[in-house]
file start31.cif (mmCIF, C-alpha atoms)
data_work
#
loop_
_atom_site.label_atom_id
_atom_site.label_comp_id
_atom_site.auth_asym_id
_atom_site.auth_seq_id
_atom_site.Cartn_x
_atom_site.Cartn_y
_atom_site.Cartn_z
CA MET A 165 83.16 128.19 107.36
CA PRO A 166 80.21 126.99 109.42
CA ASP A 167 81.49 123.42 109.59
CA ALA A 168 85.11 124.35 110.36
CA VAL A 169 87.11 122.21 112.74
CA THR A 170 89.94 123.24 115.05
CA VAL A 171 93.34 121.62 114.52
CA ARG A 172 95.94 121.87 117.26
CA LEU A 173 99.33 120.34 116.57
CA THR A 174 103.07 120.76 117.00
CA VAL A 175 105.13 121.44 113.89
CA ASN A 176 108.92 121.46 114.14
CA GLY A 177 108.63 121.91 117.91
CA VAL A 178 106.26 124.87 117.71
CA ALA A 179 102.61 124.65 118.83
CA HIS A 180 100.09 125.77 116.19
CA GLU A 181 96.34 126.08 116.03
CA GLY A 182 94.17 126.56 112.96
CA ARG A 183 90.61 126.22 111.72
CA CYS A 184 89.69 124.61 108.44
CA GLU A 185 87.10 122.54 106.65
CA PRO A 186 87.33 118.79 107.42
CA ARG A 187 88.11 118.14 103.75
CA LYS A 188 91.26 120.26 103.79
CA LEU A 189 94.31 118.19 102.89
CA PHE A 190 97.08 118.30 105.45
CA VAL A 191 99.65 119.50 102.91
CA ASP A 192 97.41 122.48 102.05
CA PHE A 193 96.98 123.24 105.75
CA LEU A 194 100.77 123.28 106.21
CA ARG A 195 101.32 125.53 103.22
CA GLU A 196 98.29 127.84 103.28
CA ASP A 197 97.32 128.05 106.95
CA LEU A 198 100.75 127.71 108.58
CA GLY A 199 102.80 129.26 105.77
CA LEU A 200 105.20 126.32 105.68
CA THR A 201 105.73 126.06 101.93
CA GLY A 202 108.80 123.83 102.09
CA THR A 203 106.55 120.77 101.77
CA HIS A 204 105.74 120.49 98.08
CA VAL A 205 102.48 119.48 96.40
CA GLY A 206 103.11 117.19 93.48
CA CYS A 207 100.57 114.63 92.29
CA GLU A 208 97.94 115.09 95.03
CA HIS A 209 97.10 111.41 95.04
CA GLY A 210 99.87 109.76 97.00
CA VAL A 211 102.11 108.61 94.17
CA CYS A 212 104.98 111.09 93.80
CA GLY A 213 106.02 111.51 97.44
CA ALA A 214 107.00 115.20 97.20
CA CYS A 215 104.71 116.05 100.15
CA THR A 216 106.20 113.48 102.55
CA ILE A 217 106.48 114.70 106.16
CA LEU A 218 107.01 112.94 109.49
CA ILE A 219 103.93 112.43 111.64
CA ASP A 220 104.76 111.28 115.17
CA GLY A 221 108.18 110.29 113.84
CA GLU A 222 107.03 108.30 110.81
CA ALA A 223 107.12 109.32 107.15
CA ALA A 224 103.72 109.83 105.53
CA ARG A 225 102.19 111.51 102.50
CA SER A 226 100.52 114.75 103.57
CA CYS A 227 98.38 114.95 100.39
CA ILE A 228 96.38 111.84 101.26
CA MET A 229 95.74 112.79 104.83
CA LEU A 230 93.27 115.33 106.20
CA ALA A 231 94.45 118.27 108.31
CA VAL A 232 91.90 117.29 110.96
CA GLN A 233 93.62 113.91 111.28
CA ALA A 234 96.81 115.66 112.40
CA ASP A 235 95.05 117.14 115.43
CA GLY A 236 97.24 116.36 118.45
CA ALA A 237 100.14 115.10 116.34
CA GLU A 238 103.81 115.98 116.36
CA ILE A 239 104.93 116.92 112.85
CA LEU A 240 108.36 117.37 111.33
CA THR A 241 108.64 119.13 107.98
CA ILE A 242 111.65 120.02 105.87
CA GLU A 243 111.82 123.40 107.65
CA GLY A 244 112.58 121.60 110.91
CA LEU A 245 115.61 119.65 109.68
CA ALA A 246 118.34 122.27 110.05
CA GLN A 247 119.05 123.22 113.65
CA ASN A 248 120.41 126.65 114.69
CA GLY A 249 121.51 127.44 111.17
CA LYS A 250 123.36 124.14 110.84
CA LEU A 251 122.27 121.77 108.10
CA HIS A 252 121.13 118.25 109.02
CA PRO A 253 123.64 115.53 107.96
CA LEU A 254 121.17 114.42 105.27
CA GLN A 255 121.04 117.94 103.85
CA GLU A 256 124.84 118.17 103.97
CA ALA A 257 125.11 114.86 102.13
CA PHE A 258 122.60 115.88 99.43
CA ARG A 259 124.59 119.07 98.84
CA GLU A 260 127.91 117.22 98.83
CA HIS A 261 126.82 114.41 96.49
CA HIS A 262 124.67 116.38 94.06
CA GLY A 263 121.49 114.75 95.41
CA LEU A 264 119.27 117.40 93.89
CA GLN A 265 118.76 119.11 90.58
CA CYS A 266 115.54 121.13 90.32
CA GLY A 267 114.79 120.47 94.00
CA PHE A 268 111.09 119.81 93.69
CA CYS A 269 111.18 116.28 95.10
CA THR A 270 113.95 117.07 97.58
CA PRO A 271 111.79 117.73 100.68
CA GLY A 272 110.06 114.39 100.13
CA MET A 273 113.36 112.62 99.46
CA LEU A 274 114.90 113.97 102.67
CA MET A 275 111.92 113.18 104.90
CA THR A 276 111.61 109.66 103.43
CA ALA A 277 115.35 109.05 103.83
CA LEU A 278 115.14 110.25 107.43
CA ASP A 279 112.59 107.54 108.34
CA LEU A 280 114.51 104.96 106.29
CA LEU A 281 117.73 105.65 108.24
CA ARG A 282 115.88 105.77 111.58
CA THR A 283 114.52 102.25 111.04
CA ASN A 284 117.53 100.92 109.12
CA PRO A 285 120.72 102.85 110.04
CA SER A 286 122.97 100.78 107.74
CA PRO A 287 120.96 100.14 104.59
CA THR A 288 122.40 98.33 101.59
CA GLU A 289 122.27 100.09 98.25
CA ALA A 290 119.28 97.91 97.30
CA GLU A 291 117.48 98.93 100.49
CA ILE A 292 118.15 102.60 99.77
CA ARG A 293 116.79 102.16 96.24
CA GLU A 294 113.70 100.46 97.64
CA GLY A 295 113.27 103.16 100.30
CA ILE A 296 113.52 106.12 97.94
CA SER A 297 111.37 104.38 95.33
CA ALA A 298 108.65 106.07 97.40
CA VAL A 299 109.57 109.41 95.82
CA LEU A 300 109.67 110.31 92.14
CA CYS A 301 112.50 112.53 90.86
CA ARG A 302 111.55 113.81 87.40
CA CYS A 303 115.09 115.03 86.81
CA THR A 304 115.98 111.33 87.27
CA GLY A 305 118.95 112.23 89.43
CA TYR A 306 118.70 109.05 91.44
CA HIS A 307 122.39 108.14 91.49
CA GLY A 308 123.36 111.29 93.35
CA ILE A 309 120.49 110.73 95.78
CA ILE A 310 121.58 107.16 96.50
CA ARG A 311 125.16 108.29 97.12
CA ALA A 312 123.89 111.07 99.38
CA VAL A 313 121.80 108.69 101.49
CA GLU A 314 124.76 106.31 101.77
CA ALA A 315 126.96 109.18 102.94
CA ALA A 316 124.34 110.45 105.37
CA ALA A 317 123.98 106.97 106.85
CA ARG A 318 127.72 106.91 107.55
CA ALA A 319 127.63 110.41 109.06
CA MET A 320 124.61 109.65 111.25
CA ARG A 321 125.80 106.30 112.67
CA MET B 147 92.35 117.42 93.04
CA LYS B 148 90.70 118.30 96.35
CA PRO B 149 88.13 116.15 98.11
CA PRO B 150 84.45 117.12 97.82
CA LYS B 151 82.59 118.21 100.94
CA PHE B 152 81.65 115.59 103.49
CA ASP B 153 80.65 115.33 107.12
CA TYR B 154 83.61 114.14 109.16
CA HIS B 155 83.36 111.97 112.24
CA ALA B 156 86.18 110.49 114.29
CA PRO B 157 84.40 108.33 116.86
CA ALA B 158 86.28 107.11 119.93
CA SER B 159 84.57 103.71 119.99
CA LEU B 160 83.49 101.03 117.56
CA ASP B 161 79.87 101.19 118.76
CA GLU B 162 79.81 104.89 117.96
CA ALA B 163 81.30 104.19 114.52
CA LEU B 164 78.62 101.55 113.81
CA ALA B 165 75.87 103.94 114.91
CA LEU B 166 77.22 106.55 112.49
CA LEU B 167 77.20 104.08 109.59
CA ARG B 168 73.57 103.23 110.41
CA ARG B 169 72.68 106.91 110.56
CA TYR B 170 74.03 107.57 107.05
CA GLY B 171 72.45 104.41 105.64
CA GLY B 172 75.15 103.47 103.13
CA ASP B 173 76.24 107.03 102.24
CA ALA B 174 79.22 107.02 104.63
CA LYS B 175 82.68 105.63 103.92
CA VAL B 176 84.93 104.13 106.58
CA LEU B 177 88.34 105.81 106.66
CA ALA B 178 91.16 103.52 107.80
CA GLY B 179 94.72 104.36 106.69
CA GLY B 180 93.35 106.40 103.80
CA GLN B 181 96.03 105.34 101.34
CA SER B 182 93.43 104.21 98.78
CA LEU B 183 90.32 106.12 99.86
CA MET B 184 91.97 109.56 100.01
CA PRO B 185 93.19 109.40 96.37
CA LEU B 186 89.65 108.36 95.34
CA LEU B 187 88.27 111.39 97.20
CA ASN B 188 90.89 113.71 95.71
CA PHE B 189 89.95 112.49 92.23
CA ARG B 190 86.28 112.79 93.25
CA LEU B 191 85.69 109.24 92.10
CA SER B 192 84.07 108.76 95.49
CA ARG B 193 81.65 111.33 96.96
CA PRO B 194 80.39 110.00 100.28
CA ALA B 195 78.08 112.10 102.47
CA ALA B 196 80.31 111.35 105.43
CA LEU B 197 83.62 109.86 106.48
CA VAL B 198 83.78 107.73 109.61
CA ASP B 199 87.45 107.85 110.62
CA LEU B 200 88.60 104.82 112.66
CA ASN B 201 91.99 106.35 113.52
CA ARG B 202 90.85 107.49 116.98
CA ILE B 203 89.83 103.98 118.09
CA PRO B 204 93.03 102.57 119.62
CA SER B 205 91.42 99.20 120.51
CA LEU B 206 91.37 98.32 116.79
CA ALA B 207 95.17 98.01 116.59
CA TYR B 208 96.75 94.83 117.97
CA ILE B 209 98.50 91.61 116.96
CA GLU B 210 97.93 88.50 119.07
CA GLU B 211 98.18 84.73 118.74
CA ARG B 212 95.16 82.70 119.75
CA ASP B 213 93.79 79.24 118.86
CA GLY B 214 96.47 78.60 116.25
CA GLN B 215 95.76 81.90 114.51
CA VAL B 216 97.49 85.24 114.43
CA ARG B 217 94.80 87.89 114.82
CA PHE B 218 95.18 91.47 113.69
CA GLY B 219 93.06 94.41 114.73
CA ALA B 220 91.83 96.00 111.51
CA MET B 221 93.70 99.26 112.18
CA THR B 222 97.09 97.58 112.64
CA ARG B 223 99.48 99.54 110.41
CA GLN B 224 101.43 97.73 107.71
CA ARG B 225 104.66 99.17 109.13
CA THR B 226 103.84 97.56 112.51
CA ILE B 227 103.33 94.22 110.77
CA GLU B 228 106.63 94.65 108.88
CA PHE B 229 108.57 94.90 112.16
CA SER B 230 106.50 92.52 114.32
CA PRO B 231 108.59 89.60 115.69
CA LEU B 232 105.37 87.59 116.16
CA VAL B 233 104.47 88.00 112.48
CA ALA B 234 108.03 87.14 111.38
CA ARG B 235 107.89 83.93 113.42
CA ARG B 236 104.29 82.81 112.96
CA VAL B 237 103.10 84.24 109.60
CA PRO B 238 106.34 84.89 107.69
CA LEU B 239 104.49 84.99 104.34
CA LEU B 240 102.61 88.07 105.53
CA ARG B 241 105.85 89.74 106.55
CA GLU B 242 107.36 89.10 103.13
CA ALA B 243 104.19 90.37 101.42
CA THR B 244 104.25 93.54 103.53
CA LYS B 245 107.52 94.66 101.98
CA TRP B 246 105.67 94.73 98.65
CA VAL B 247 102.75 96.83 99.96
CA GLY B 248 103.11 100.37 98.63
CA HIS B 249 106.16 102.25 99.86
CA LEU B 250 107.58 103.02 103.30
CA PRO B 251 105.51 106.23 103.76
CA ILE B 252 102.36 104.39 102.58
CA ARG B 253 102.84 101.54 105.05
CA THR B 254 103.13 103.89 108.04
CA ARG B 255 99.47 104.85 107.50
CA GLY B 256 98.07 101.88 105.59
CA THR B 257 96.32 99.18 107.61
CA ILE B 258 95.68 95.46 107.16
CA GLY B 259 91.93 95.88 107.55
CA GLY B 260 91.79 98.79 105.12
CA SER B 261 93.76 96.94 102.46
CA ILE B 262 91.57 93.84 102.70
CA ALA B 263 88.26 95.73 102.88
CA HIS B 264 89.27 97.88 99.89
CA ALA B 265 89.75 94.64 97.89
CA ASP B 266 91.97 95.98 95.15
CA PRO B 267 92.55 92.95 92.90
CA SER B 268 96.26 93.78 92.64
CA ALA B 269 96.88 94.12 96.37
CA GLU B 270 99.11 91.71 98.27
CA TYR B 271 97.20 91.26 101.55
CA PRO B 272 94.04 89.86 99.91
CA ALA B 273 96.27 87.33 98.11
CA VAL B 274 97.86 86.25 101.40
CA LEU B 275 94.46 86.02 103.10
CA THR B 276 93.27 83.82 100.22
CA ALA B 277 96.38 81.63 100.07
CA LEU B 278 96.28 80.94 103.82
CA ASP B 279 92.49 80.53 103.81
CA GLY B 280 92.22 83.13 106.57
CA GLU B 281 89.13 84.81 107.96
CA VAL B 282 87.89 88.29 108.65
CA VAL B 283 85.57 89.37 111.43
CA ALA B 284 82.83 91.81 110.47
CA ARG B 285 80.86 93.65 113.10
CA GLY B 286 77.45 95.17 112.39
CA PRO B 287 74.23 96.05 114.19
CA LYS B 288 73.44 92.36 114.73
CA GLY B 289 76.83 91.55 116.20
CA GLU B 290 79.88 89.84 114.76
CA ARG B 291 80.23 87.29 111.98
CA VAL B 292 83.30 85.47 110.73
CA VAL B 293 83.78 85.38 106.94
CA ARG B 294 86.24 83.06 105.20
CA ALA B 295 88.50 84.53 102.54
CA ARG B 296 86.75 82.58 99.75
CA ASP B 297 83.40 84.15 100.71
CA PHE B 298 84.74 87.66 101.20
CA PHE B 299 85.95 88.97 97.84
CA VAL B 300 83.09 89.47 95.37
CA THR B 301 84.63 91.42 92.48
CA TYR B 302 86.80 94.51 91.86
CA LEU B 303 86.83 96.66 95.02
CA THR B 304 83.77 94.82 96.29
CA THR B 305 83.43 92.52 99.28
CA SER B 306 80.58 90.78 101.05
CA LEU B 307 80.70 93.39 103.85
CA GLU B 308 77.31 95.08 104.35
CA ALA B 309 77.09 98.88 104.32
CA ASP B 310 76.45 98.92 108.08
CA GLU B 311 79.33 96.55 108.90
CA ILE B 312 82.96 97.27 109.74
CA LEU B 313 85.82 94.81 109.25
CA VAL B 314 87.29 94.65 112.75
CA GLU B 315 89.75 91.75 112.71
CA VAL B 316 91.82 89.66 110.29
CA ARG B 317 92.74 86.08 111.26
CA LEU B 318 95.51 84.11 109.61
CA PRO B 319 96.41 80.53 110.54
CA ALA B 320 99.87 80.32 112.09
CA THR B 321 102.40 78.74 109.75
CA PRO B 322 103.47 75.21 110.74
CA ALA B 323 107.14 74.73 111.66
CA GLY B 324 109.25 73.73 108.70
CA ALA B 325 106.95 75.26 106.10
CA GLY B 326 108.39 77.28 103.24
CA TRP B 327 106.88 80.43 101.83
CA ALA B 328 107.47 83.04 99.16
CA LEU B 329 105.73 85.94 97.51
CA GLU B 330 106.84 86.73 93.99
CA GLU B 331 105.64 89.89 92.32
CA PHE B 332 106.12 91.75 89.08
CA ALA B 333 105.41 95.50 89.08
CA ARG B 334 106.68 98.39 86.98
CA ARG B 335 108.31 100.02 90.00
CA HIS B 336 108.88 98.36 93.38
CA GLY B 337 105.96 99.48 95.53
CA ASP B 338 103.50 99.96 92.70
CA PHE B 339 100.50 97.71 92.49
CA ALA B 340 101.34 94.24 91.25
CA ILE B 341 100.76 93.41 87.62
CA VAL B 342 100.73 89.86 88.96
CA ALA B 343 101.86 88.47 92.32
CA ILE B 344 101.82 84.90 93.61
CA ALA B 345 101.72 83.96 97.29
CA ALA B 346 102.94 80.44 98.05
CA LEU B 347 103.25 78.24 101.10
CA VAL B 348 104.45 74.61 101.11
CA VAL B 349 104.77 72.08 103.91
CA ARG B 350 107.25 69.28 103.37
CA ASP B 351 106.48 65.83 104.63
CA GLY B 352 109.68 63.86 104.00
CA ALA B 353 109.98 63.57 100.24
CA ARG B 354 106.32 64.47 99.83
CA CYS B 355 104.49 67.76 99.94
CA GLY B 356 102.11 67.68 102.91
CA ALA B 357 100.26 70.80 101.86
CA ALA B 358 100.57 73.54 99.25
CA ARG B 359 98.82 76.90 99.19
CA LEU B 360 98.84 79.23 96.19
CA ALA B 361 96.93 82.43 95.46
CA THR B 362 97.17 85.28 92.98
CA ALA B 363 96.98 89.04 92.94
CA GLY B 364 96.41 90.93 89.70
CA ALA B 365 95.24 87.90 87.73
CA GLY B 366 91.50 88.61 87.82
CA PRO B 367 88.84 90.64 89.62
CA VAL B 368 89.47 88.84 92.93
CA PRO B 369 92.38 86.86 94.37
CA VAL B 370 92.32 83.32 92.97
CA ARG B 371 93.20 80.29 95.06
CA LEU B 372 95.01 77.91 92.69
CA ARG B 373 93.66 74.69 94.18
CA ALA B 374 94.17 72.46 91.11
CA ALA B 375 97.84 73.52 90.99
CA GLU B 376 98.20 72.84 94.72
CA GLU B 377 96.83 69.32 94.17
CA ILE B 378 99.59 68.53 91.65
CA LEU B 379 102.20 69.29 94.31
CA GLU B 380 100.35 67.41 97.05
CA ARG B 381 100.20 64.37 94.72
CA ASP B 382 103.63 64.53 93.05
CA GLY B 383 105.80 66.31 95.64
CA LEU B 384 108.09 69.31 95.23
CA THR B 385 110.19 68.05 92.32
CA ASP B 386 111.17 70.40 89.52
CA ALA B 387 108.75 68.56 87.22
CA ALA B 388 105.84 68.89 89.65
CA ILE B 389 106.56 72.57 90.23
CA ASP B 390 106.65 73.11 86.48
CA ALA B 391 103.36 71.27 86.00
CA ALA B 392 101.73 73.26 88.82
CA ALA B 393 102.99 76.53 87.34
CA ARG B 394 101.57 75.67 83.91
CA ARG B 395 98.27 74.58 85.47
CA ALA B 396 98.13 77.88 87.40
CA ALA B 397 97.77 79.89 84.19
CA GLU B 398 94.71 77.83 83.22
CA LEU B 399 93.00 78.67 86.50
CA VAL B 400 92.99 82.45 86.12
CA SER B 401 90.92 84.80 83.94
CA PRO B 402 92.83 88.06 83.90
CA ASP B 403 91.66 91.16 82.07
CA SER B 404 93.69 93.38 79.75
CA ASP B 405 94.22 96.94 80.86
CA ILE B 406 96.63 99.82 80.36
CA HIS B 407 99.32 98.02 82.41
CA ALA B 408 99.32 94.59 80.78
CA SER B 409 97.40 92.31 78.44
CA ALA B 410 95.50 89.28 79.68
CA ASP B 411 97.97 86.99 77.86
CA TYR B 412 100.93 88.62 79.56
CA ARG B 413 99.28 88.28 82.97
CA ARG B 414 98.65 84.59 82.29
CA HIS B 415 102.29 84.18 81.31
CA LEU B 416 103.38 85.95 84.50
CA THR B 417 101.14 83.64 86.53
CA THR B 418 103.14 80.65 85.32
CA VAL B 419 106.55 82.28 85.69
CA LEU B 420 105.88 83.71 89.17
CA THR B 421 104.24 80.50 90.43
CA ARG B 422 107.34 78.58 89.39
CA ARG B 423 109.64 81.10 91.07
CA ALA B 424 107.56 81.28 94.25
CA LEU B 425 107.38 77.50 94.62
CA THR B 426 111.08 77.03 93.88
CA ARG B 427 112.00 79.56 96.55
CA ALA B 428 109.40 78.24 99.05
CA ARG B 429 110.87 74.76 98.59
CA THR B 430 114.32 76.09 99.53
CA VAL B 431 112.96 77.75 102.66
CA ALA B 432 111.03 74.66 103.77
CA HIS B 433 112.74 71.90 105.67
CA ALA B 434 111.31 68.46 106.26
#
call {"tool": "encode", "arguments": {"input": "start31.cif", "output": "structure tokens"}}
result
Amino acid sequence: MPDAVTVRLTVNGVAHEGRCEPRKLFVDFLREDLGLTGTHVGCEHGVCGACTILIDGEAARSCIMLAVQADGAEILTIEGLAQNGKLHPLQEAFREHHGLQCGFCTPGMLMTALDLLRTNPSPTEAEIREGISAVLCRCTGYHGIIRAVEAAARAMR
Amino acid sequence: MKPPKFDYHAPASLDEALALLRRYGGDAKVLAGGQSLMPLLNFRLSRPAALVDLNRIPSLAYIEERDGQVRFGAMTRQRTIEFSPLVARRVPLLREATKWVGHLPIRTRGTIGGSIAHADPSAEYPAVLTALDGEVVARGPKGERVVRARDFFVTYLTTSLEADEILVEVRLPATPAGAGWALEEFARRHGDFAIVAIAALVVRDGARCGAARLATAGAGPVPVRLRAAEEILERDGLTDAAIDAAARRAAELVSPDSDIHASADYRRHLTTVLTRRALTRARTVAHA
């Protein structure tokens, strides 16, 4: 790769460095170069939300962002949610309230819900629906997801 | 679904970015929030020789009030606008519109300058810029020029920006006290592009309507300012009958196209329905 660029970043508290072409999508860098396959690739054009991660604390689609743009950033992926073997309250709530079926959209749902609850700790049901409208669940299990986010909001307050 | 090869540049200053655009002579694309450009690259609908990424130029992100305008650095994120107390107080229509722009994880990256320069006919920010008769500042090799909204949008995804110019600032007139505003939108899923949206602002002057501003998204190749509908309100006030007449007139002022999402007739129908709803709600918000 003659035109490779160096990407240095922190993912889930761990410093990483990689080299890739400038055109490499950030989600592919996470999965292929860093081996973090918890972030899923769905539509690859920013519609389905499965690849949502947190960049410097804010939710973003990693399939419509270049790896080189994450240079210097602090990233949180689904692998960083559980701490010391203990599930995050959002993960607990999704398990408790049947917030997942096939699980493909789940990483995106959790990361989106995390930013939603950070900026709006007591969302109404309508606000939760609006927030998670960012992520498509093809199993259409939205009711369980909404209940899970409501429960997580209570647990996290 | 991977982008084609391109040279990548992330300049630290605007001058450097402008020099890069000159160097590539029209073959470079400016990368702002990337929420529209990156999908186009992934689909390979766009194959620029180079990307000039503005995300490392911090001086392009700000919100300030000056000379009766609220001015936005082009790289101001939509999420920043959503939570800005200055925007909520001085350009509340923009704040309301922001909640309709994409989804939460789109707005964290998406920028006001990127949305307006991309000129998607269904996008909310171009409609607000048009309704409020705002301005954009373009900087190029010969310096800066100010372009009014009506002179900016040319057709689908096309503006009057030159290939060697960068949109650096968006200027919206501050909303007068007592004005009412509303943005009404119909989309298949909240956060999807509008099939039609209407941005409205009304200023009450006792029983009369001192000023009305109306513009569309999704009802043609560019946002349409509905001046003839505004004039009905400015002449007849904000009565139910005047609002109804303005809403019916609105549909005659647009030339929507049919596409996979909706027919032209349906879009014209939505223009009337959403204009009526937007004006009715704006009237409630306004106080004399």
call {"tool": "resolve_selection", "arguments": {"input": "start31.cif", "expression": "the PyMOL selection byres ((chain B and resi 275) around 10)", "output": "list of chain:residue names"}}
result
B:Leu240, B:Ile262, B:Glu270, B:Tyr271, B:Pro272, B:Ala273, B:Val274, B:Thr276, B:Ala277, B:Leu278, B:Asp279, B:Gly280, B:Glu281, B:Val282, B:Arg294, B:Ala295, B:Arg296, B:Val316, B:Arg317, B:Leu318, B:Pro319, B:Ala345, B:Ala361, B:Pro369, B:Arg371
call {"tool": "interface_residues", "arguments": {"input": "start31.cif", "of": "chain A", "to": "chain B", "cutoff": "9 Å", "atoms": "all atoms listed in the file", "output": "PyMOL selection string"}}
result
chain A and resi 167+185-189+207-211+213+216-218+222-225+227-230+233+276+279-280+294-299
call {"tool": "write_last_selection", "arguments": {"input": "start31.cif", "atoms": "C-alpha atoms", "output": "mmCIF file, keeping the file's coordinate frame"}}
result
data_model
loop_
_atom_site.group_PDB
_atom_site.id
_atom_site.type_symbol
_atom_site.label_atom_id
_atom_site.label_comp_id
_atom_site.auth_asym_id
_atom_site.auth_seq_id
_atom_site.Cartn_x
_atom_site.Cartn_y
_atom_site.Cartn_z
ATOM 1 C CA ASP A 167 81.490 123.420 109.590
ATOM 2 C CA GLU A 185 87.100 122.540 106.650
ATOM 3 C CA PRO A 186 87.330 118.790 107.420
ATOM 4 C CA ARG A 187 88.110 118.140 103.750
ATOM 5 C CA LYS A 188 91.260 120.260 103.790
ATOM 6 C CA LEU A 189 94.310 118.190 102.890
ATOM 7 C CA CYS A 207 100.570 114.630 92.290
ATOM 8 C CA GLU A 208 97.940 115.090 95.030
ATOM 9 C CA HIS A 209 97.100 111.410 95.040
ATOM 10 C CA GLY A 210 99.870 109.760 97.000
ATOM 11 C CA VAL A 211 102.110 108.610 94.170
ATOM 12 C CA GLY A 213 106.020 111.510 97.440
ATOM 13 C CA THR A 216 106.200 113.480 102.550
ATOM 14 C CA ILE A 217 106.480 114.700 106.160
ATOM 15 C CA LEU A 218 107.010 112.940 109.490
ATOM 16 C CA GLU A 222 107.030 108.300 110.810
ATOM 17 C CA ALA A 223 107.120 109.320 107.150
ATOM 18 C CA ALA A 224 103.720 109.830 105.530
ATOM 19 C CA ARG A 225 102.190 111.510 102.500
ATOM 20 C CA CYS A 227 98.380 114.950 100.390
ATOM 21 C CA ILE A 228 96.380 111.840 101.260
ATOM 22 C CA MET A 229 95.740 112.790 104.830
ATOM 23 C CA LEU A 230 93.270 115.330 106.200
ATOM 24 C CA GLN A 233 93.620 113.910 111.280
ATOM 25 C CA THR A 276 111.610 109.660 103.430
ATOM 26 C CA ASP A 279 112.590 107.540 108.340
ATOM 27 C CA LEU A 280 114.510 104.960 106.290
ATOM 28 C CA GLU A 294 113.700 100.460 97.640
ATOM 29 C CA GLY A 295 113.270 103.160 100.300
ATOM 30 C CA ILE A 296 113.520 106.120 97.940
ATOM 31 C CA SER A 297 111.370 104.380 95.330
ATOM 32 C CA ALA A 298 108.650 106.070 97.400
ATOM 33 C CA VAL A 299 109.570 109.410 95.820
#
call {"tool": "atom_distance", "arguments": {"input": "start31.cif", "atom1": "CA of Pro287 in chain B", "atom2": "CA of Val198 in chain B"}}
result
15.8 Å
call {"tool": "atom_distance", "arguments": {"input": "start31.cif", "atom1": "CA of Val419 in chain B", "atom2": "CA of Leu329 in chain B"}}
result
12.4 Å
call {"tool": "residues_around", "arguments": {"input": "start31.cif", "residues": "Ala237 in chain A", "least_positions_apart": "2", "cutoff": "9 Å", "atoms": "only C-alpha atoms", "output": "ChimeraX atom specification"}}
result
/A:172-175,219-220,233-235,239
call {"tool": "resolve_selection", "arguments": {"input": "start31.cif", "expression": "the PyMOL selection byres ((chain A and resi 255) around 9)", "output": "VMD selection string"}}
result
chain A and resid 245 to 246 251 to 254 256 to 260 274 312 316
call {"tool": "resolve_selection", "arguments": {"input": "start31.cif", "expression": "the PyMOL selection byres ((chain A and resi 300-302) around 9)", "output": "ChimeraX atom specification"}}
result
/A:211-214,264,266-270,272-273,296-299,303-306
call {"tool": "atom_distance", "arguments": {"input": "start31.cif", "atom1": "CA of Val400 in chain B", "atom2": "CA of Ala424 in chain B"}}
result
16.7 Å
call {"tool": "residues_around", "arguments": {"input": "start31.cif", "residues": "Thr201 in chain A", "least_positions_apart": "2", "cutoff": "12 Å", "atoms": "only C-alpha atoms", "output": "list of chain:residue names"}}
result
A:Val191, A:Asp192, A:Phe193, A:Leu194, A:Arg195, A:Glu196, A:Asp197, A:Leu198, A:Gly199, A:Thr203, A:His204, A:Val205, A:Ala214, A:Cys215, A:Thr241, A:Ile242, A:Glu243, A:Phe268, A:Pro271
call {"tool": "axis_aligned_box", "arguments": {"input": "start31.cif", "around": "range 188-206 of chain A", "padding_each_side": "4 Å", "output": "AutoDock Vina command-line options"}}
result
--center_x 100.0 --center_y 123.2 --center_z 101.0 --size_x 25.5 --size_y 20.1 --size_z 23.1
